[in-house]
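Undergrad: Input upload_18.cif, format and content: mmCIF, C-alpha atoms.
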data_data
loop_
_atom_site.group_PDB
_atom_site.id
_atom_site.type_symbol
_atom_site.label_atom_id
_atom_site.label_comp_id
_atom_site.auth_asym_id
_atom_site.auth_seq_id
_atom_site.Cartn_x
_atom_site.Cartn_y
_atom_site.Cartn_z
ATOM 1 C CA ALA A 1 88.605 92.773 81.967
ATOM 2 C CA TYR A 2 88.575 91.710 85.618
ATOM 3 C CA GLN A 3 85.651 89.765 86.997
ATOM 4 C CA LEU A 4 85.664 88.975 90.686
ATOM 5 C CA THR A 5 83.698 86.070 92.070
ATOM 6 C CA HIS A 6 82.143 86.568 95.501
ATOM 7 C CA ARG A 7 80.797 83.458 97.218
ATOM 8 C CA ARG A 8 77.806 84.217 99.412
ATOM 9 C CA VAL A 9 74.849 82.416 100.982
ATOM 10 C CA ILE A 10 71.403 83.797 100.154
ATOM 11 C CA THR A 11 69.571 84.157 103.453
ATOM 12 C CA ALA A 12 66.306 85.656 102.133
ATOM 13 C CA ILE A 13 64.487 86.371 98.870
ATOM 14 C CA ASN A 14 61.759 89.003 98.680
ATOM 15 C CA GLY A 15 60.517 89.494 95.107
ATOM 16 C CA ASN A 16 63.539 90.600 93.083
ATOM 17 C CA GLN A 17 65.529 91.513 96.188
ATOM 18 C CA ILE A 18 67.966 89.142 97.887
ATOM 19 C CA THR A 19 69.711 89.258 101.241
ATOM 20 C CA MET A 20 73.122 87.639 101.641
ATOM 21 C CA ASP A 21 75.165 86.484 104.611
ATOM 22 C CA ALA A 22 77.955 89.011 103.933
ATOM 23 C CA PRO A 23 78.234 92.300 102.058
ATOM 24 C CA LEU A 24 79.607 92.690 98.555
ATOM 25 C CA VAL A 25 82.483 95.122 98.626
ATOM 26 C CA GLN A 26 82.236 96.175 95.007
ATOM 27 C CA ALA A 27 79.507 98.032 93.152
ATOM 28 C CA ILE A 28 77.471 95.793 90.832
ATOM 29 C CA GLU A 29 75.129 98.359 89.262
ATOM 30 C CA ASP A 30 74.897 98.153 85.476
ATOM 31 C CA GLN A 31 76.758 101.463 85.073
ATOM 32 C CA TYR A 32 79.800 99.855 86.768
ATOM 33 C CA GLY A 33 79.754 96.611 84.789
ATOM 34 C CA GLY A 34 76.838 94.803 86.418
ATOM 35 C CA GLY A 35 76.754 91.503 88.189
ATOM 36 C CA ASP A 36 75.265 88.043 87.903
ATOM 37 C CA ILE A 37 74.102 85.473 90.430
ATOM 38 C CA TYR A 38 74.861 81.800 89.913
ATOM 39 C CA LYS A 39 74.091 78.788 92.039
ATOM 40 C CA TYR A 40 77.302 77.347 93.396
ATOM 41 C CA THR A 41 77.835 74.059 95.200
ATOM 42 C CA TYR A 42 80.858 73.946 97.448
ATOM 43 C CA SER A 43 82.495 70.601 96.722
ATOM 44 C CA GLY A 44 85.963 69.168 96.438
ATOM 45 C CA GLU A 45 87.593 71.752 98.668
ATOM 46 C CA LEU A 46 89.102 70.939 102.042
ATOM 47 C CA GLU A 47 87.318 71.983 105.230
ATOM 48 C CA ASN A 48 88.062 72.440 108.909
ATOM 49 C CA ILE A 49 91.848 72.034 108.810
ATOM 50 C CA GLY A 50 94.299 73.904 110.991
ATOM 51 C CA PHE A 51 98.015 74.188 111.590
ATOM 52 C CA GLU A 52 99.291 75.297 114.969
ATOM 53 C CA ASN A 53 102.260 75.397 117.312
ATOM 54 C CA LEU A 54 104.901 74.925 114.597
ATOM 55 C CA ARG A 55 108.362 76.322 113.924
ATOM 56 C CA LEU A 56 109.445 75.997 110.290
ATOM 57 C CA GLU A 57 112.926 76.870 109.000
ATOM 58 C CA SER A 58 114.347 76.789 105.501
ATOM 59 C CA THR A 59 118.034 75.995 105.026
ATOM 60 C CA PHE A 60 119.927 78.389 102.762
ATOM 61 C CA ALA A 61 123.415 78.894 101.352
ATOM 62 C CA SER A 62 123.616 82.707 101.567
ATOM 63 C CA ALA A 63 121.566 85.797 102.379
ATOM 64 C CA ILE A 64 120.465 86.046 98.716
ATOM 65 C CA ASP A 65 120.035 82.300 98.075
ATOM 66 C CA GLU A 66 116.895 81.512 96.067
ATOM 67 C CA ASN A 67 117.266 77.747 95.819
ATOM 68 C CA HIS A 68 115.521 76.790 99.057
ATOM 69 C CA GLY A 69 112.052 76.845 100.671
ATOM 70 C CA TRP A 70 109.851 79.612 99.259
ATOM 71 C CA TYR A 71 106.575 79.540 101.242
ATOM 72 C CA ALA A 72 106.338 77.802 104.584
ATOM 73 C CA MET A 73 102.634 77.121 103.847
ATOM 74 C CA ARG A 74 100.514 77.340 100.688
ATOM 75 C CA VAL A 75 96.844 77.079 101.595
ATOM 76 C CA LYS A 76 94.631 76.281 98.588
ATOM 77 C CA ASN A 77 90.894 75.562 98.365
ATOM 78 C CA LEU A 78 90.407 75.498 102.130
ATOM 79 C CA GLN A 79 87.218 76.577 103.877
ATOM 80 C CA ASN A 80 86.990 77.160 107.636
ATOM 81 C CA GLY A 81 90.626 76.718 108.610
ATOM 82 C CA TRP A 82 93.327 78.281 110.724
ATOM 83 C CA VAL A 83 97.057 78.859 111.112
ATOM 84 C CA ARG A 84 97.909 79.650 114.719
ATOM 85 C CA GLN A 85 101.168 80.201 116.604
ATOM 86 C CA VAL A 86 103.435 79.324 113.681
ATOM 87 C CA THR A 87 106.894 80.840 113.261
ATOM 88 C CA ALA A 88 108.745 80.598 109.950
ATOM 89 C CA ARG A 89 112.350 81.677 109.330
ATOM 90 C CA HIS A 90 114.444 82.109 106.211
ATOM 91 C CA PHE A 91 111.838 81.267 103.546
ATOM 92 C CA GLY A 92 112.270 83.255 100.317
ATOM 93 C CA MET A 93 108.647 84.381 99.982
ATOM 94 C CA GLY A 94 106.706 84.092 103.218
ATOM 95 C CA LEU A 95 104.957 82.188 105.947
ATOM 96 C CA VAL A 96 101.546 81.695 104.346
ATOM 97 C CA VAL A 97 99.685 82.435 101.135
ATOM 98 C CA LEU A 98 95.932 81.883 101.039
ATOM 99 C CA SER A 99 94.933 81.143 97.442
ATOM 100 C CA SER A 100 92.574 79.330 95.078
ATOM 101 C CA ARG A 101 89.351 80.521 96.685
ATOM 102 C CA SER A 102 90.223 79.762 100.313
ATOM 103 C CA GLN A 103 87.751 81.363 102.693
ATOM 104 C CA HIS A 104 87.000 81.788 106.376
ATOM 105 C CA ILE A 105 90.631 81.268 107.393
ATOM 106 C CA THR A 106 92.134 82.812 110.529
ATOM 107 C CA VAL A 107 95.894 83.367 110.703
ATOM 108 C CA GLU A 108 96.842 84.533 114.186
ATOM 109 C CA ASP A 109 99.823 84.949 116.475
ATOM 110 C CA CYS A 110 102.285 84.021 113.699
ATOM 111 C CA ALA A 111 105.726 85.370 112.776
ATOM 112 C CA MET A 112 107.658 85.420 109.491
ATOM 113 C CA LEU A 113 111.264 86.247 110.287
ATOM 114 C CA ASP A 114 114.464 86.921 108.363
ATOM 115 C CA PRO A 115 113.654 85.765 104.803
ATOM 116 C CA LYS A 116 116.582 84.814 102.564
ATOM 117 C CA SER A 117 116.362 85.976 98.937
ATOM 118 C CA ASP A 118 117.221 88.872 96.702
ATOM 119 C CA ILE A 119 115.461 92.008 97.871
ATOM 120 C CA THR A 120 113.546 92.700 94.665
ATOM 121 C CA GLY A 121 110.136 92.170 93.054
ATOM 122 C CA GLY A 122 108.234 88.923 93.542
ATOM 123 C CA ARG A 123 109.883 88.075 96.856
ATOM 124 C CA ARG A 124 109.267 88.439 100.590
ATOM 125 C CA TYR A 125 105.452 88.613 100.704
ATOM 126 C CA SER A 126 105.247 87.533 104.339
ATOM 127 C CA PHE A 127 101.445 87.126 104.671
ATOM 128 C CA ASN A 128 99.667 87.016 101.316
ATOM 129 C CA ILE A 129 96.058 86.638 100.120
ATOM 130 C CA ASP A 130 95.315 85.793 96.493
ATOM 131 C CA ASP A 131 91.861 84.992 95.064
ATOM 132 C CA SER A 132 90.413 84.337 98.541
ATOM 133 C CA GLU A 133 87.889 86.058 100.805
ATOM 134 C CA HIS A 134 86.538 86.288 104.353
ATOM 135 C CA ASN A 135 89.977 85.861 105.915
ATOM 136 C CA LEU A 136 91.473 87.350 109.057
ATOM 137 C CA PHE A 137 95.140 87.908 109.909
ATOM 138 C CA GLN A 138 95.619 89.088 113.476
ATOM 139 C CA ARG A 139 98.508 89.696 115.862
ATOM 140 C CA CYS A 140 101.160 88.719 113.302
ATOM 141 C CA LEU A 141 104.781 89.886 113.123
ATOM 142 C CA THR A 142 107.264 90.145 110.263
ATOM 143 C CA ARG A 143 110.930 91.065 110.144
ATOM 144 C CA ALA A 144 112.871 91.964 106.961
ATOM 145 C CA GLY A 145 110.022 91.365 104.502
ATOM 146 C CA ARG A 146 108.964 93.469 101.512
ATOM 147 C CA HIS A 147 105.196 93.360 101.045
ATOM 148 C CA ASP A 148 104.394 91.986 104.485
ATOM 149 C CA TYR A 149 100.571 92.139 104.624
ATOM 150 C CA VAL A 150 99.512 92.007 101.006
ATOM 151 C CA SER A 151 96.989 90.777 98.480
ATOM 152 C CA GLY A 152 97.476 89.715 94.884
ATOM 153 C CA SER A 153 95.336 90.043 91.788
ATOM 154 C CA LYS A 154 91.612 89.236 91.698
ATOM 155 C CA THR A 155 91.225 89.200 95.470
ATOM 156 C CA PRO A 156 87.597 89.690 96.538
ATOM 157 C CA GLY A 157 86.901 90.874 100.047
ATOM 158 C CA PRO A 158 86.302 91.286 102.775
ATOM 159 C CA ASN A 159 89.720 90.367 104.190
ATOM 160 C CA ALA A 160 91.254 91.915 107.300
ATOM 161 C CA PHE A 161 94.701 92.495 108.788
ATOM 162 C CA VAL A 162 94.364 93.490 112.445
ATOM 163 C CA ASP A 163 96.942 94.335 115.143
ATOM 164 C CA CYS A 164 99.911 93.321 112.959
ATOM 165 C CA ARG A 165 103.458 94.678 112.875
ATOM 166 C CA ALA A 166 106.262 94.703 110.299
ATOM 167 C CA GLU A 167 109.831 95.463 111.383
ATOM 168 C CA ASN A 168 112.718 96.369 109.075
ATOM 169 C CA THR A 169 110.503 96.261 105.997
ATOM 170 C CA TYR A 170 111.796 96.859 102.455
ATOM 171 C CA ALA A 171 108.555 97.929 100.710
ATOM 172 C CA ASP A 172 104.953 98.864 101.415
ATOM 173 C CA ILE A 173 102.010 97.105 103.037
ATOM 174 C CA GLY A 174 98.648 96.975 101.246
ATOM 175 C CA PRO A 175 96.838 95.657 98.195
ATOM 176 C CA HIS A 176 99.397 94.903 95.519
ATOM 177 C CA PHE A 177 99.477 93.730 91.923
ATOM 178 C CA LYS A 178 96.324 94.577 90.004
ATOM 179 C CA TYR A 179 92.991 94.415 91.821
ATOM 180 C CA ALA A 180 91.595 93.674 95.288
ATOM 181 C CA THR A 181 88.451 94.855 97.079
ATOM 182 C CA GLY A 182 87.252 95.163 100.659
ATOM 183 C CA GLN A 183 90.529 95.012 102.543
ATOM 184 C CA ILE A 184 90.735 96.273 106.094
ATOM 185 C CA TYR A 185 93.984 97.338 107.758
ATOM 186 C CA ASP A 186 93.331 98.053 111.444
ATOM 187 C CA ASN A 187 96.239 98.901 113.739
ATOM 188 C CA VAL A 188 98.839 97.600 111.263
ATOM 189 C CA MET A 189 102.262 99.187 111.783
ATOM 190 C CA GLY A 190 105.441 99.111 109.762
ATOM 191 C CA GLY A 191 106.873 101.105 106.893
ATOM 192 C CA GLU A 192 104.367 102.568 104.459
ATOM 193 C CA ILE A 193 100.815 101.435 103.840
ATOM 194 C CA ASN A 194 99.707 102.169 100.264
ATOM 195 C CA VAL A 195 96.548 101.543 98.290
#
Would you mind writing the file's structure down as structure tokens?
TA:
Amino acid sequence: AYQLTHRRVITAINGNQITMDAPLVQAIEDQYGGGDIYKYTYSGELENIGFENLRLESTFASAIDENHGWYAMRVKNLQNGWVRQVTARHFGMGLVVLSSRSQHITVEDCAMLDPKSDITGGRRYSFNIDDSEHNLFQRCLTRAGRHDYVSGSKTPGPNAFVDCRAENTYADIGPHFKYATGQIYDNVMGGEINV
């Protein structure tokens, strides 16, 4: 029932064979469900936007307060962007979620520290990718999160988490909640990593 959409640029056509600018990280042979190619025009999304050198803090009433800032940043429909040297403290969910087909985003040298919320499902996803591809998270730090470097449902790859660390984590790192493809975890430390 899941169909993933992979956005690629065709760089060459030779008969019935095509070459693309990036690999597909899921089998598309007929025996595995097949695949289709559609022309897509990238329009209406934001491009070339970055956030850097910020410190963001959410005010809260108690350690389990859930009536305050949830994500420091929600990045939607962005192509070719970045989040660099941003620190967020006390948000209930996390520093950044890349969603709604965001692609070619770099998140680097960022920290999500000391979230305030219940420690239970659907909370404390420090760095999160959902329905987005070609993204890189590198040299990031979390403290007291749950699913610190995580993806949601219908997340096409490739996406990479590199040289990241999670301290005092309450759950595992890895793809989470239904289906993701082509994720790379390279030198990511903290708690368990599960696929």
Undergrad: Compare A:Asp131, A:His90, A:Glu29, A:Gln138 by their minimum atom-to-atom distance to A:Asn67, counting only C-alpha atoms, and give me the closest one.
TA: A:His90
Undergrad: Run the PyMOL selection byres ((chain A and resi 10) around 12) against the file shown and list the residues it catches, as a PyMOL selection string.
TA: chain A and resi 7-9+11-14+17-23+37-40
Undergrad: Can you build me a table of stretch 58-78 of chain A residues sitting at most 6 Å from stretch 91-99 of chain A, with the closest atom pair per residue and its distance in Å to one decimal, using all atoms listed in the file, sorted by chain and residue number, as CSV?
TA:
residue,atom,partner,partner_atom,distance
A:Ser58,CA,A:Phe91,CA,5.5
A:Gly69,CA,A:Phe91,CA,5.3
A:Trp70,CA,A:Gly92,CA,4.5
A:Tyr71,CA,A:Gly94,CA,5.0
A:Ala72,CA,A:Leu95,CA,4.8
A:Met73,CA,A:Val96,CA,4.7
A:Arg74,CA,A:Val97,CA,5.2
A:Val75,CA,A:Leu98,CA,4.9
A:Lys76,CA,A:Ser99,CA,5.0
Undergrad: Evaluate the PyMOL selection byres ((chain A and resi 189) around 8) and record the selected residues as a short mmCIF file (atom, residue, chain, number, x, y, z; two decimals) with C-alpha atoms, in the frame of the given file, following the chain and residue labels used in the document.
TA:
data_model
loop_
_atom_site.label_atom_id
_atom_site.label_comp_id
_atom_site.auth_asym_id
_atom_site.auth_seq_id
_atom_site.Cartn_x
_atom_site.Cartn_y
_atom_site.Cartn_z
CA ASP A 163 96.94 94.34 115.14
CA CYS A 164 99.91 93.32 112.96
CA ARG A 165 103.46 94.68 112.88
CA ALA A 166 106.26 94.70 110.30
CA ASN A 187 96.24 98.90 113.74
CA VAL A 188 98.84 97.60 111.26
CA GLY A 190 105.44 99.11 109.76
CA GLY A 191 106.87 101.10 106.89
#
Undergrad: When the PyMOL selection byres ((chain A and resi 3) around 10) is applied to the file above, which residues end up in the set, as a list in words?
TA: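 Output from the PyMOL selection byres ((chain A and resi 3) around 10), applied to this file: Ala1, Tyr2, Leu4, Thr5, His6, Gly33, Gly35, Lys154, Pro156 and Tyr179 of chain A.
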Undergrad: Write to file, as a short mmCIF file (atom, residue, chain, number, x, y, z; two decimals), in the frame of the given file, the residues of the selection just made, with C-alpha atoms.
TA:
data_model
loop_
_atom_site.label_atom_id
_atom_site.label_comp_id
_atom_site.auth_asym_id
_atom_site.auth_seq_id
_atom_site.Cartn_x
_atom_site.Cartn_y
_atom_site.Cartn_z
CA ALA A 1 88.60 92.77 81.97
CA TYR A 2 88.58 91.71 85.62
CA LEU A 4 85.66 88.98 90.69
CA THR A 5 83.70 86.07 92.07
CA HIS A 6 82.14 86.57 95.50
CA GLY A 33 79.75 96.61 84.79
CA GLY A 35 76.75 91.50 88.19
CA LYS A 154 91.61 89.24 91.70
CA PRO A 156 87.60 89.69 96.54
CA TYR A 179 92.99 94.42 91.82
#
Undergrad: For each of A:Gln26, A:Thr181, A:Asn194, A:Thr106, take the minimum atom-to-atom distance to A:Val162, counting all atoms listed in the file, then give the residue where this is smallest.
TA: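 Closest residue, counting all atoms listed in the file: A:Thr106.
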Undergrad: Considering all atoms listed in the file, return as a JSON list (two decimals) with C-alpha atoms, in the frame of the given file whatever protein or nucleic-acid residues lie within 7 Å of A:Glu45, sequence-local ones (same chain, fewer than 2 positions apart) excluded.
TA:
[["chain", "number", "residue", "atom", "x", "y", "z"],
["A", 43, "SER", "CA", 82.50, 70.60, 96.72],
["A", 47, "GLU", "CA", 87.32, 71.98, 105.23],
["A", 77, "ASN", "CA", 90.89, 75.56, 98.36],
["A", 78, "LEU", "CA", 90.41, 75.50, 102.13]]
